[in-house]
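Reading through the structure tokens given below for one structure.
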Amino acid sequence: MIFQRRRGVRIMPIIGISGSILIDQGGIFPGYRRAYVNDDYVQAVIQAGGTPVILPVIGDLDLIREVVATLDGLILSGGHDVTTQLYGEEPRQKLGDTYPERDLFDMKLIEFAMARNIPILGICRGFQILNVYHGGSLYQDLSYADKELLKHVQGTRPELETHEVDLVEDSILFNLLNEKKVRVNSFHHQVVKSLGNSLVKTAVASDGVIEAFEHQSYPWLVGVQFHPEMMHRGHLLSKEIFKSFVTHSHKGK
Ligand code: MN
């Protein structure tokens with residue numbers, strides 16, 4: 001239906017969404033592995049005018065390079081905690097589930113995408129691995145920060161706006177709405193400890209937690225700790241993030 005409606009209107013940029021593995025816990029194939037992304041990423045890309053493509057986790061470097069060569073923009077999706085060795089730490093008690101093969105896949109996606117200068121949007125885990133890729137580090141759990149932080153793991157309702165963030169003037173995010181304060185959702189138990197090289201923070205919560213950054217010189221690279229894909233239907237900033245990302249992903253840039 002969507003393709004019929006949109007066919008012939010214009011060429012829509014191809015947006016790759018980094019995938020993950022879902023392992024069946026029951027049903028007729030317990031233990032069966034499925035390649036997937038959350039549907040909200042797909043819907044947010046479509047609403048913004050892009051063509052969504054799911055990128056399954058693969059290990060062959062040449063194949064990853066081939067996949068990235070087909071893309072106009074890259075979304076790094078949420079999920080697992082990043083393997084701590086990638087930022088020089090041993091795993092602590094409250095580290096969540098990790099998936100080292102996915103870390104290597106995502107790191108290569110970033111490397112090959114940056115070699116092509118295509119727009120990159122990192123969300124939650126995607127934000128965290130972009131930070132680690134650039135040499136930054138994470139607190140493995142909120143409770144390991146040096147002070148008590150806000151409630152960053154809200155209990156329910158993916159689209160619900162909970163804590164506020166201050167947007168840094170003249171950043172990509174600030175310029176979308178020209179507003180200094182926005183309320184966002186929050187589903188992360190890890191936070192940035194040190195920010196990676198060449199990254200500039202662009203949204204900060206009242207407890208000092210970095211909620212967004214961009215790259216100081218790359219054409220369009222934005223990381224957000226919150227989940228705009230879950231809020232894109234009714235949250236203006238979220239909608240504008242995807243719109244800006246997809247617009248910059250247009251061919252002929
Ligand atoms: Mn938060």
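To be explicit about the labels: the chains of the structure tokens are called A, B, and onward in the order shown, and within each one the residues are counted from 1, while ligands get numbers from 1 in the order they are shown.
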
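Selection of all polymer residues within 7 Å of ligand 1 on the basis of only C-alpha atoms and all ligand atoms gives His152, His163, Asn185, Ser186, Phe187, His188, Glu211, Gln225 and Phe226 of chain A.
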
Export of the given selection (C-alpha atoms) as a PDB file, in the first residue's frame:
```pdb
ATOM      1  CA  HIS A 152      16.372   7.071  33.507  1.00  0.00           C
ATOM      2  CA  HIS A 163      12.519  13.780  32.185  1.00  0.00           C
ATOM      3  CA  ASN A 185      11.392   9.343  27.256  1.00  0.00           C
ATOM      4  CA  SER A 186      14.120   7.382  29.020  1.00  0.00           C
ATOM      5  CA  PHE A 187      14.933   3.663  28.891  1.00  0.00           C
ATOM      6  CA  HIS A 188      18.633   3.404  29.662  1.00  0.00           C
ATOM      7  CA  GLU A 211      21.289  12.745  26.407  1.00  0.00           C
ATOM      8  CA  GLN A 225      20.163   8.456  24.522  1.00  0.00           C
ATOM      9  CA  PHE A 226      16.363   8.659  24.401  1.00  0.00           C
TER      10      PHE A 226
END
```

Legend entry - Neighbour list for Met230 of chain A as number ranges by chain, cut-off 10 Å, only C-alpha atoms, skip fewer than 4 positions in-chain: A: 38-41, 43-44, 157-160, 185, 226, 234-235, 238

Inset, instruction - Choose the residue, out of A:Glu229, A:Asp166, A:Tyr139, A:Gln190, that has the smallest atom-to-atom separation from Thr202 of chain A; count only C-alpha atoms. - result: A:Asp166

Legend entry - Proximity to Gln128 of chain A - best of A:Val224, A:Asp170, A:Thr98, A:Asp141, only C-alpha atoms: A:Val224

Legend entry - From A:His250, A:Lys193, A:His227, A:Arg102, residue lying nearest Val57 of chain A [only C-alpha atoms]: A:Arg102

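Between Thr70 of chain A and the candidates A:Tyr144, A:Tyr99, A:Tyr218, A:Phe112, the tightest atom-to-atom separation, counting only C-alpha atoms, involves A:Phe112.
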
Inset, instruction - Run DSSP on the backbone of this structure and report the residues of segment 114-164 of chain A it assigns to strand (DSSP E), as a ChimeraX atom specification. - result: /A:120-123,137-139,163-164

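Of the residues listed (A:Ala69, A:Leu173, A:Ile15, A:Ala212), A:Ile15 shows the shortest atom-to-atom separation from Gly49 of chain A; distances use only C-alpha atoms.
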
Inset, instruction - Just the alpha helix (DSSP H) stuff from segment 79-224 of chain A, please, per backbone DSSP, written as JSON, numbers by chain. - result: {"A": [100, 101, 102, 103, 104, 105, 106, 107, 108, 109, 110, 111, 112, 113, 114, 115, 125, 126, 127, 128, 129, 130, 131, 132, 133, 172, 173, 174, 175, 176, 177]}

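Note that atom CA of Gln47 of chain A and atom CA of Ile23 of chain A are 29.0 Å apart.
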
Neighbours of Val45 of chain A within 8 Å (only C-alpha atoms; same-chain residues fewer than 5 positions away dropped), as an mmCIF file with all heavy atoms, in the first residue's frame?
```
data_model
loop_
_atom_site.group_PDB
_atom_site.id
_atom_site.type_symbol
_atom_site.label_atom_id
_atom_site.label_comp_id
_atom_site.auth_asym_id
_atom_site.auth_seq_id
_atom_site.Cartn_x
_atom_site.Cartn_y
_atom_site.Cartn_z
ATOM 1 N N ILE A 15 17.504 3.734 4.009
ATOM 2 C CA ILE A 15 17.974 3.892 5.387
ATOM 3 C C ILE A 15 18.170 2.507 6.010
ATOM 4 O O ILE A 15 17.209 1.756 6.205
ATOM 5 C CB ILE A 15 16.947 4.687 6.240
ATOM 6 C CG1 ILE A 15 16.611 6.034 5.591
ATOM 7 C CG2 ILE A 15 17.471 4.840 7.666
ATOM 8 C CD1 ILE A 15 17.765 6.985 5.460
ATOM 9 N N GLY A 50 11.747 7.983 4.193
ATOM 10 C CA GLY A 50 12.850 7.100 3.816
ATOM 11 C C GLY A 50 12.364 5.701 3.484
ATOM 12 O O GLY A 50 11.217 5.342 3.743
ATOM 13 N N THR A 51 13.255 4.910 2.874
ATOM 14 C CA THR A 51 12.989 3.501 2.611
ATOM 15 C C THR A 51 13.760 2.671 3.630
ATOM 16 O O THR A 51 14.985 2.645 3.593
ATOM 17 C CB THR A 51 13.457 3.108 1.200
ATOM 18 O OG1 THR A 51 12.796 3.949 0.257
ATOM 19 C CG2 THR A 51 13.140 1.651 0.904
ATOM 20 N N PRO A 52 13.049 2.026 4.566
ATOM 21 C CA PRO A 52 13.753 1.293 5.622
ATOM 22 C C PRO A 52 14.260 -0.066 5.152
ATOM 23 O O PRO A 52 13.575 -0.771 4.414
ATOM 24 C CB PRO A 52 12.667 1.114 6.689
ATOM 25 C CG PRO A 52 11.389 1.133 5.929
ATOM 26 C CD PRO A 52 11.595 1.979 4.714
ATOM 27 N N PHE A 242 13.995 12.565 12.758
ATOM 28 C CA PHE A 242 13.954 11.629 11.632
ATOM 29 C C PHE A 242 13.857 12.370 10.298
ATOM 30 O O PHE A 242 14.466 11.961 9.305
ATOM 31 C CB PHE A 242 12.792 10.639 11.796
ATOM 32 C CG PHE A 242 13.120 9.512 12.736
ATOM 33 C CD1 PHE A 242 12.738 9.556 14.066
ATOM 34 C CD2 PHE A 242 13.854 8.418 12.301
ATOM 35 C CE1 PHE A 242 13.079 8.530 14.944
ATOM 36 C CE2 PHE A 242 14.201 7.394 13.159
ATOM 37 C CZ PHE A 242 13.808 7.448 14.479
ATOM 38 N N VAL A 246 16.619 11.874 7.428
ATOM 39 C CA VAL A 246 16.257 11.339 6.115
ATOM 40 C C VAL A 246 16.519 12.374 5.014
ATOM 41 O O VAL A 246 17.021 12.035 3.935
ATOM 42 C CB VAL A 246 14.788 10.867 6.101
ATOM 43 C CG1 VAL A 246 14.329 10.557 4.679
ATOM 44 C CG2 VAL A 246 14.619 9.645 6.993
#
```

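Across the structure, atom CA of Ala205 of chain A and atom CA of Arg233 of chain A are spaced 22.8 Å apart.
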